[in-house]
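What follows is the content of my_file-v3.tsv (TSV, C-alpha atoms).
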chain	number	residue	atom	x	y	z
A	51	MET	CA	-21.97	-10.24	-24.01
A	52	ASN	CA	-21.89	-7.40	-21.54
A	53	LYS	CA	-21.16	-7.99	-17.88
A	54	THR	CA	-21.83	-5.64	-15.02
A	55	ILE	CA	-18.62	-4.84	-13.15
A	56	SER	CA	-18.06	-2.64	-10.13
A	57	VAL	CA	-14.86	-0.56	-10.38
A	58	GLN	CA	-13.21	1.26	-7.48
A	59	TYR	CA	-10.60	3.96	-8.08
A	60	PHE	CA	-7.79	5.09	-5.81
A	61	ALA	CA	-5.14	7.79	-5.79
A	62	ILE	CA	-4.23	9.14	-9.24
A	63	LEU	CA	-6.92	7.06	-10.97
A	64	ARG	CA	-9.61	8.39	-8.59
A	65	GLU	CA	-8.54	11.95	-9.37
A	66	GLN	CA	-8.36	11.40	-13.12
A	67	ARG	CA	-11.77	9.69	-13.15
A	68	GLY	CA	-13.30	12.21	-10.73
A	69	LEU	CA	-15.07	9.35	-8.93
A	70	SER	CA	-14.13	6.80	-6.29
A	71	GLY	CA	-16.21	4.08	-7.91
A	72	GLU	CA	-18.86	3.15	-10.44
A	73	THR	CA	-20.77	0.15	-11.70
A	74	ILE	CA	-20.51	-0.24	-15.47
A	75	PRO	CA	-21.47	-2.61	-18.26
A	76	THR	CA	-18.50	-3.87	-20.26
A	77	ALA	CA	-17.71	-6.40	-22.94
A	78	ALA	CA	-14.08	-6.66	-21.72
A	79	ALA	CA	-13.07	-10.27	-21.12
A	80	THR	CA	-10.09	-9.62	-18.84
A	81	ALA	CA	-8.83	-7.18	-16.23
A	82	ALA	CA	-6.30	-5.81	-18.72
A	83	ALA	CA	-8.94	-5.32	-21.42
A	84	LEU	CA	-11.17	-3.41	-19.00
A	85	TYR	CA	-8.26	-1.18	-17.93
A	86	GLU	CA	-7.51	-0.39	-21.55
A	87	GLU	CA	-11.17	0.46	-22.19
A	88	LEU	CA	-11.26	2.80	-19.17
A	89	ARG	CA	-7.85	4.32	-19.92
A	90	VAL	CA	-8.99	5.36	-23.38
A	91	ARG	CA	-12.40	6.57	-22.16
A	92	HIS	CA	-11.10	8.63	-19.24
A	93	GLY	CA	-7.59	9.59	-20.35
A	94	PHE	CA	-5.74	7.75	-17.57
A	95	THR	CA	-2.05	8.60	-17.81
A	96	LEU	CA	-0.74	5.30	-16.41
A	97	PRO	CA	-0.04	2.68	-19.08
A	98	ALA	CA	-1.47	-0.78	-18.42
A	99	GLU	CA	1.91	-2.30	-17.60
A	100	ARG	CA	2.27	-0.03	-14.55
A	101	VAL	CA	-1.10	-0.92	-13.06
A	102	ARG	CA	-1.98	-4.12	-11.20
A	103	ALA	CA	-5.50	-5.44	-10.75
A	104	ALA	CA	-7.34	-6.91	-7.79
A	105	ILE	CA	-10.65	-8.72	-8.24
A	106	ASN	CA	-12.89	-9.28	-5.23
A	107	GLU	CA	-10.06	-8.11	-2.96
A	108	GLU	CA	-7.33	-10.44	-4.26
A	109	PHE	CA	-4.42	-9.49	-6.53
A	110	VAL	CA	-4.89	-11.12	-9.94
A	111	ALA	CA	-2.91	-11.47	-13.19
A	112	ALA	CA	-3.58	-8.94	-15.94
A	113	GLU	CA	-5.25	-11.63	-18.03
A	114	ALA	CA	-7.60	-12.73	-15.24
A	115	PRO	CA	-11.13	-13.23	-16.63
A	116	LEU	CA	-13.94	-10.91	-15.61
A	117	ARG	CA	-17.20	-12.41	-14.39
A	118	GLU	CA	-20.61	-10.90	-13.89
A	119	GLY	CA	-20.73	-8.92	-10.65
A	120	ASP	CA	-16.95	-8.84	-10.05
A	121	ARG	CA	-15.53	-5.99	-8.00
A	122	ILE	CA	-12.29	-4.76	-9.56
A	123	VAL	CA	-9.67	-2.31	-8.38
A	124	PHE	CA	-6.83	-1.05	-10.57
A	125	ILE	CA	-3.76	-0.46	-8.45
A	126	PRO	CA	-1.39	2.34	-9.48
A	127	PRO	CA	2.30	2.10	-8.48
A	128	VAL	CA	2.32	1.94	-4.68
A	129	ALA	CA	4.18	4.29	-2.34
A	130	GLY	CA	3.56	3.29	1.25
A	131	GLY	CA	6.05	3.85	4.07
B	104	MET	CA	-1.12	-7.64	13.68
B	105	PHE	CA	-1.30	-5.22	10.78
B	106	ARG	CA	-3.47	-2.13	11.03
B	107	ILE	CA	-4.38	0.98	9.06
B	108	SER	CA	-5.01	4.07	11.18
B	109	SER	CA	-6.68	7.34	10.25
B	110	THR	CA	-5.61	8.93	13.53
B	111	ALA	CA	-2.18	9.89	14.90
B	112	LEU	CA	0.07	7.06	16.15
B	113	ASP	CA	1.68	7.21	19.58
B	114	PRO	CA	4.97	5.27	19.50
B	115	ALA	CA	5.09	5.01	23.31
B	116	VAL	CA	1.74	3.21	23.36
B	117	LEU	CA	2.71	0.96	20.44
B	118	HIS	CA	6.04	0.15	22.04
B	119	ALA	CA	4.49	-0.70	25.42
B	120	ALA	CA	2.13	-3.16	23.73
B	121	GLN	CA	5.15	-5.14	22.43
B	122	ARG	CA	6.39	-5.91	25.97
B	123	ASN	CA	6.78	-9.63	26.53
B	124	VAL	CA	9.06	-11.39	29.03
B	125	GLN	CA	9.85	-14.11	26.45
B	126	ALA	CA	11.58	-11.48	24.29
B	127	GLY	CA	15.19	-10.42	24.79
B	128	ALA	CA	15.18	-7.98	21.88
B	129	CYS	CA	12.83	-5.35	20.50
B	130	VAL	CA	13.50	-3.50	17.23
B	131	THR	CA	11.18	-0.76	16.06
B	132	PHE	CA	11.10	1.32	12.89
B	133	GLU	CA	9.38	4.68	12.57
B	134	GLY	CA	8.76	6.23	9.15
B	135	TRP	CA	8.38	10.02	9.46
B	136	VAL	CA	7.07	12.69	7.11
B	137	ARG	CA	10.18	14.44	5.75
B	138	ASP	CA	10.41	18.04	4.57
B	139	ARG	CA	11.80	17.29	1.13
B	140	ASN	CA	11.80	14.66	-1.61
B	141	GLU	CA	14.21	14.62	-4.54
B	142	GLY	CA	15.20	18.22	-3.82
B	143	GLN	CA	11.66	19.60	-3.65
B	144	PRO	CA	10.46	21.17	-0.38
B	145	VAL	CA	7.47	19.19	0.90
B	146	ARG	CA	4.75	20.80	3.06
B	147	SER	CA	2.58	17.77	3.85
B	148	LEU	CA	1.61	14.29	2.66
B	149	GLU	CA	-1.58	12.43	2.03
B	150	TYR	CA	-1.77	8.63	2.28
B	151	GLU	CA	-4.61	6.66	0.74
B	152	ALA	CA	-5.10	2.90	1.09
B	153	TYR	CA	-7.24	0.23	-0.50
B	154	GLU	CA	-7.92	-0.94	3.01
B	155	PRO	CA	-9.29	-4.51	2.69
B	156	LEU	CA	-6.43	-5.58	0.43
B	157	ALA	CA	-3.82	-3.57	2.37
B	158	ARG	CA	-4.88	-5.31	5.58
B	159	ALA	CA	-4.77	-8.76	3.96
B	160	GLU	CA	-1.38	-8.11	2.32
B	161	GLY	CA	-0.03	-6.60	5.57
B	162	GLU	CA	-1.07	-9.72	7.49
B	163	ARG	CA	0.63	-11.88	4.83
B	164	ILE	CA	3.87	-9.91	5.25
B	165	LEU	CA	3.78	-10.35	9.04
B	166	ALA	CA	3.08	-14.09	8.62
B	167	GLU	CA	6.05	-14.37	6.24
B	168	ALA	CA	8.28	-12.61	8.77
B	169	ARG	CA	7.17	-15.07	11.46
B	170	GLU	CA	8.00	-18.00	9.16
B	171	ARG	CA	11.43	-16.66	8.19
B	172	PHE	CA	12.64	-15.39	11.56
B	173	ALA	CA	12.37	-16.66	15.15
B	174	LEU	CA	10.03	-13.98	16.48
B	175	VAL	CA	8.02	-13.46	19.62
B	176	GLY	CA	5.85	-10.67	18.19
B	177	ALA	CA	5.45	-8.52	15.08
B	178	GLU	CA	3.24	-5.53	14.43
B	179	CYS	CA	2.93	-2.94	11.67
B	180	ILE	CA	0.66	0.10	11.51
B	181	HIS	CA	0.31	2.48	8.57
B	182	ARG	CA	-1.37	5.86	8.64
B	183	VAL	CA	-3.83	7.15	6.09
B	184	GLY	CA	-5.09	10.71	5.70
B	185	HIS	CA	-3.35	14.07	5.55
B	186	LEU	CA	-0.10	14.13	7.55
B	187	GLN	CA	2.04	17.09	8.53
B	188	LEU	CA	5.87	17.26	8.60
B	189	GLY	CA	7.36	15.13	11.36
B	190	GLU	CA	4.29	12.96	11.81
B	191	LEU	CA	4.63	9.22	12.16
B	192	ALA	CA	3.52	7.59	8.89
B	193	VAL	CA	4.39	3.95	9.56
B	194	TRP	CA	5.47	1.99	12.62
B	195	VAL	CA	6.96	-1.51	12.77
B	196	GLY	CA	7.69	-3.28	16.05
B	197	VAL	CA	9.30	-6.70	16.31
B	198	THR	CA	10.27	-8.75	19.35
B	199	ALA	CA	12.43	-11.88	19.44
B	200	GLU	CA	14.53	-13.88	21.86
B	201	HIS	CA	17.67	-12.54	20.18
B	202	ARG	CA	18.60	-9.35	18.35
B	203	ALA	CA	19.55	-10.77	14.94
B	204	ALA	CA	16.05	-12.07	14.22
B	205	ALA	CA	14.50	-8.83	15.48
B	206	PHE	CA	16.68	-6.61	13.25
B	207	ASP	CA	16.23	-8.81	10.18
B	208	ALA	CA	12.48	-9.18	10.58
B	209	CYS	CA	11.95	-5.46	11.14
B	210	ARG	CA	13.86	-4.70	7.94
B	211	TYR	CA	11.95	-7.40	6.04
B	212	ILE	CA	8.56	-6.07	7.16
B	213	ILE	CA	9.19	-2.42	6.26
B	214	ASP	CA	10.80	-3.30	2.91
B	215	GLU	CA	7.93	-5.59	1.90
B	216	ALA	CA	5.32	-3.14	3.19
B	217	LYS	CA	6.73	-0.36	1.00
B	218	ALA	CA	6.86	-2.59	-2.07
B	219	ARG	CA	3.58	-4.46	-1.74
B	220	LEU	CA	0.87	-2.66	0.24
B	221	PRO	CA	-1.77	-0.95	-1.91
B	222	ILE	CA	-1.09	2.42	-0.28
B	223	TRP	CA	-0.42	5.64	-2.17
B	224	LYS	CA	1.29	8.87	-1.20
B	225	LYS	CA	0.54	12.33	-2.52
B	226	GLU	CA	3.08	15.04	-1.80
B	227	TYR	CA	2.08	18.67	-1.37
B	228	TYR	CA	5.00	20.93	-2.28
B	229	ALA	CA	5.89	24.39	-1.04
B	230	SER	CA	5.40	25.57	-4.64
B	231	GLY	CA	1.70	24.63	-4.45
B	232	ALA	CA	2.15	21.68	-6.82
B	233	THR	CA	1.17	18.15	-5.83
B	234	ALA	CA	2.23	14.70	-7.07
B	235	TRP	CA	1.24	11.08	-6.53
B	236	ILE	CA	4.58	9.45	-5.84
B	237	ASN	CA	5.70	6.78	-8.35
B	238	CYS	CA	2.74	7.53	-10.63
B	239	ALA	CA	4.43	9.99	-12.98
B	240	THR	CA	7.76	9.08	-14.49
B	241	ARG	CA	9.13	6.26	-12.37
B	242	GLY	CA	8.22	3.48	-9.99
B	243	GLU	CA	7.10	-0.08	-10.32
B	244	HIS	CA	3.69	-1.47	-9.66
B	245	ALA	CA	2.93	-3.22	-6.38
B	246	ALA	CA	5.44	-6.05	-6.10
B	247	PRO	CA	4.34	-9.67	-5.80
B	248	ALA	CA	5.22	-11.63	-2.68
B	249	ARG	CA	8.85	-12.76	-2.45
B	250	PRO	CA	9.40	-16.45	-3.16
B	251	PRO	CA	10.06	-18.46	0.00
B	252	GLY	CA	13.69	-18.78	1.10

Let me see the file written as structure tokens.
Amino acid sequence: MNKTISVQYFAILREQRGLSGETIPTAAATAAALYEELRVRHGFTLPAERVRAAINEEFVAAEAPLREGDRIVFIPPVAGG
Amino acid sequence: MFRISSTALDPAVLHAAQRNVQAGACVTFEGWVRDRNEGQPVRSLEYEAYEPLARAEGERILAEARERFALVGAECIHRVGHLQLGELAVWVGVTAEHRAAAFDACRYIIDEAKARLPIWKKEYYASGATAWINCATRGEHAAPARPPG
């Protein structure tokens, strides 16, 4: 069953998507499954193993389940400092 | 306190705010925008942050530093936006009764900040090319918190 998920994009993912965020229906069950769906759809160059996920502003495991209305951010390799 | 700033940082102001008569030592770290990276001339940098999570993770890092080291104060501020060469990109200030804790905590905070904060850096090269650092051929994803100890 489809859920409605809000996705925010930063840095290289924002540029490759051409958007800073969108709300989308998805059948993906986990954060990793949603990343894979979006990577294929939008041609993201980062493989899943180099991206972390945060749901509702907390870091989560790749296999974290997605729930209706979740806000998810995929986090490319960081480079602060 | 951990902060993200979209305006220029003044180290004199930040330093003055660390003053505390309980502290016998103050160690600060300034990260500056450098004119080259891996042999390529750099013209400017852009930092982007996922601010709510960066603030939460930054506060966790400062709390960890306070648990591990005997500190009086600890502060870290990271810039976002487009920065020119020589600009201050990140500032860490730590005070403690004694110097060893201040040095160690300052090093801990900047190392963890670089590894864990959801902040990204885009370099603008003299050639006109640009690159998101760590997003092409190398680099690990944001590191998890260090285990206690």

request  = Could you check which of A:Ala114, A:Gly68, A:Asn106, A:Leu63 is closest to Arg89 (chain A), using only C-alpha atoms?
outcome  =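 Distance minimum relative to Arg89 (chain A) lands on A:Leu63.
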
inquiry  = Env of region 179-187 of chain B: 6 Å cut, atoms = all atoms listed in the file, seq-sep filter 4 positions within chain, self excluded. Answer as an NGL selection string.
reply    = :B and (105-109 or 147-151 or 192-195)

Chain B residues near chain A within 7 Å, closest pair each, using all atoms listed in the file, as a Markdown table:
| residue | atom | partner | partner_atom | distance |
| --- | --- | --- | --- | --- |
| B:Gly134 | CA | A:Gly131 | CA | 6.2 |
| B:Glu151 | CA | A:Ala61 | CA | 6.6 |
| B:Pro155 | CA | A:Glu107 | CA | 6.7 |
| B:Leu156 | CA | A:Glu107 | CA | 5.6 |
| B:Ala192 | CA | A:Gly131 | CA | 6.6 |
| B:Val193 | CA | A:Gly131 | CA | 5.7 |
| B:Ala216 | CA | A:Gly130 | CA | 6.9 |
| B:Lys217 | CA | A:Gly130 | CA | 4.8 |
| B:Ala218 | CA | A:Val128 | CA | 6.9 |
| B:Leu220 | CA | A:Gly130 | CA | 6.6 |
| B:Pro221 | CA | A:Val128 | CA | 5.7 |
| B:Ile222 | CA | A:Gly130 | CA | 5.0 |
| B:Trp223 | CA | A:Ala129 | CA | 4.8 |
| B:Lys224 | CA | A:Ala129 | CA | 5.5 |
| B:Trp235 | CA | A:Ile62 | CA | 6.4 |
| B:Ile236 | CA | A:Ala129 | CA | 6.2 |
| B:Asn237 | CA | A:Pro127 | CA | 5.8 |
| B:Cys238 | CA | A:Pro127 | CA | 5.9 |
| B:Gly242 | CA | A:Pro127 | CA | 6.3 |
| B:Glu243 | CA | A:Pro127 | CA | 5.6 |
| B:His244 | CA | A:Pro127 | CA | 4.0 |
| B:Ala245 | CA | A:Val128 | CA | 5.5 |

Keeping only C-alpha atoms, write the selected residues to a file as a PDB file, in the coordinates of the input.
ATOM      1  CA  GLY B 134       8.760   6.230   9.150  1.00  0.00           C
ATOM      2  CA  GLU B 151      -4.610   6.660   0.740  1.00  0.00           C
ATOM      3  CA  PRO B 155      -9.290  -4.510   2.690  1.00  0.00           C
ATOM      4  CA  LEU B 156      -6.430  -5.580   0.430  1.00  0.00           C
ATOM      5  CA  ALA B 192       3.520   7.590   8.890  1.00  0.00           C
ATOM      6  CA  VAL B 193       4.390   3.950   9.560  1.00  0.00           C
ATOM      7  CA  ALA B 216       5.320  -3.140   3.190  1.00  0.00           C
ATOM      8  CA  LYS B 217       6.730  -0.360   1.000  1.00  0.00           C
ATOM      9  CA  ALA B 218       6.860  -2.590  -2.070  1.00  0.00           C
ATOM     10  CA  LEU B 220       0.870  -2.660   0.240  1.00  0.00           C
ATOM     11  CA  PRO B 221      -1.770  -0.950  -1.910  1.00  0.00           C
ATOM     12  CA  ILE B 222      -1.090   2.420  -0.280  1.00  0.00           C
ATOM     13  CA  TRP B 223      -0.420   5.640  -2.170  1.00  0.00           C
ATOM     14  CA  LYS B 224       1.290   8.870  -1.200  1.00  0.00           C
ATOM     15  CA  TRP B 235       1.240  11.080  -6.530  1.00  0.00           C
ATOM     16  CA  ILE B 236       4.580   9.450  -5.840  1.00  0.00           C
ATOM     17  CA  ASN B 237       5.700   6.780  -8.350  1.00  0.00           C
ATOM     18  CA  CYS B 238       2.740   7.530 -10.630  1.00  0.00           C
ATOM     19  CA  GLY B 242       8.220   3.480  -9.990  1.00  0.00           C
ATOM     20  CA  GLU B 243       7.100  -0.080 -10.320  1.00  0.00           C
ATOM     21  CA  HIS B 244       3.690  -1.470  -9.660  1.00  0.00           C
ATOM     22  CA  ALA B 245       2.930  -3.220  -6.380  1.00  0.00           C
TER      23      ALA B 245
END

So which residues fall inside 12 Å of (11.3, -11.2, 20.6) if we count only C-alpha atoms? Mind giving them as a PDB file with C-alpha atoms, in the coordinates of the input?
ATOM      1  CA  GLN B 121       5.150  -5.140  22.430  1.00  0.00           C
ATOM      2  CA  ARG B 122       6.390  -5.910  25.970  1.00  0.00           C
ATOM      3  CA  ASN B 123       6.780  -9.630  26.530  1.00  0.00           C
ATOM      4  CA  VAL B 124       9.060 -11.390  29.030  1.00  0.00           C
ATOM      5  CA  GLN B 125       9.850 -14.110  26.450  1.00  0.00           C
ATOM      6  CA  ALA B 126      11.580 -11.480  24.290  1.00  0.00           C
ATOM      7  CA  GLY B 127      15.190 -10.420  24.790  1.00  0.00           C
ATOM      8  CA  ALA B 128      15.180  -7.980  21.880  1.00  0.00           C
ATOM      9  CA  CYS B 129      12.830  -5.350  20.500  1.00  0.00           C
ATOM     10  CA  VAL B 130      13.500  -3.500  17.230  1.00  0.00           C
ATOM     11  CA  THR B 131      11.180  -0.760  16.060  1.00  0.00           C
ATOM     12  CA  ARG B 169       7.170 -15.070  11.460  1.00  0.00           C
ATOM     13  CA  PHE B 172      12.640 -15.390  11.560  1.00  0.00           C
ATOM     14  CA  ALA B 173      12.370 -16.660  15.150  1.00  0.00           C
ATOM     15  CA  LEU B 174      10.030 -13.980  16.480  1.00  0.00           C
ATOM     16  CA  VAL B 175       8.020 -13.460  19.620  1.00  0.00           C
ATOM     17  CA  GLY B 176       5.850 -10.670  18.190  1.00  0.00           C
ATOM     18  CA  ALA B 177       5.450  -8.520  15.080  1.00  0.00           C
ATOM     19  CA  GLU B 178       3.240  -5.530  14.430  1.00  0.00           C
ATOM     20  CA  GLY B 196       7.690  -3.280  16.050  1.00  0.00           C
ATOM     21  CA  VAL B 197       9.300  -6.700  16.310  1.00  0.00           C
ATOM     22  CA  THR B 198      10.270  -8.750  19.350  1.00  0.00           C
ATOM     23  CA  ALA B 199      12.430 -11.880  19.440  1.00  0.00           C
ATOM     24  CA  GLU B 200      14.530 -13.880  21.860  1.00  0.00           C
ATOM     25  CA  HIS B 201      17.670 -12.540  20.180  1.00  0.00           C
ATOM     26  CA  ARG B 202      18.600  -9.350  18.350  1.00  0.00           C
ATOM     27  CA  ALA B 203      19.550 -10.770  14.940  1.00  0.00           C
ATOM     28  CA  ALA B 204      16.050 -12.070  14.220  1.00  0.00           C
ATOM     29  CA  ALA B 205      14.500  -8.830  15.480  1.00  0.00           C
ATOM     30  CA  PHE B 206      16.680  -6.610  13.250  1.00  0.00           C
ATOM     31  CA  ASP B 207      16.230  -8.810  10.180  1.00  0.00           C
ATOM     32  CA  ALA B 208      12.480  -9.180  10.580  1.00  0.00           C
ATOM     33  CA  CYS B 209      11.950  -5.460  11.140  1.00  0.00           C
TER      34      CYS B 209
END

ask   = Any idea what the distance is between CA of Glu190 (chain B) and CA of Ala246 (chain B)?
value =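 Distance reported for this atom pair: 26.1 Å.
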
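Rounded to one decimal, CA of Glu65 (chain A) and CA of Pro97 (chain A) lie 15.9 Å from each other.
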
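Proximity to Ser56 (chain A) was assessed for A:Ala79, A:Ile74, A:Leu84, A:Ala111 counting all atoms listed in the file; the smallest distance is recorded for A:Ile74.
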
task = Would you list the residues near (-23.2, -6.9, -18.1) (no more than 8 Å away, in the coordinates of the file, using only C-alpha atoms) as a list in words?
result = Met51, Asn52, Lys53, Thr54, Ile55, Ile74, Pro75, Thr76, Ala77 and Glu118 of chain A

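CA of Arg137 (chain B) is positioned 21.9 Å from CA of Tyr211 (chain B).
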
request  = Can you work out which one of B:Ala239, B:Ile213, B:Ala232, B:Ala248 has the shortest atom-to-atom distance to Phe94 (chain A), counting only C-alpha atoms?
outcome  =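 Once distances to Phe94 (chain A) are computed over only C-alpha atoms, the minimum belongs to B:Ala239.
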
ask   = Of the residues B:Leu191, B:Ala157, B:Leu165, B:Ala111, which is the one nearest to Arg210 (chain B), using all atoms listed in the file?
value = B:Leu165
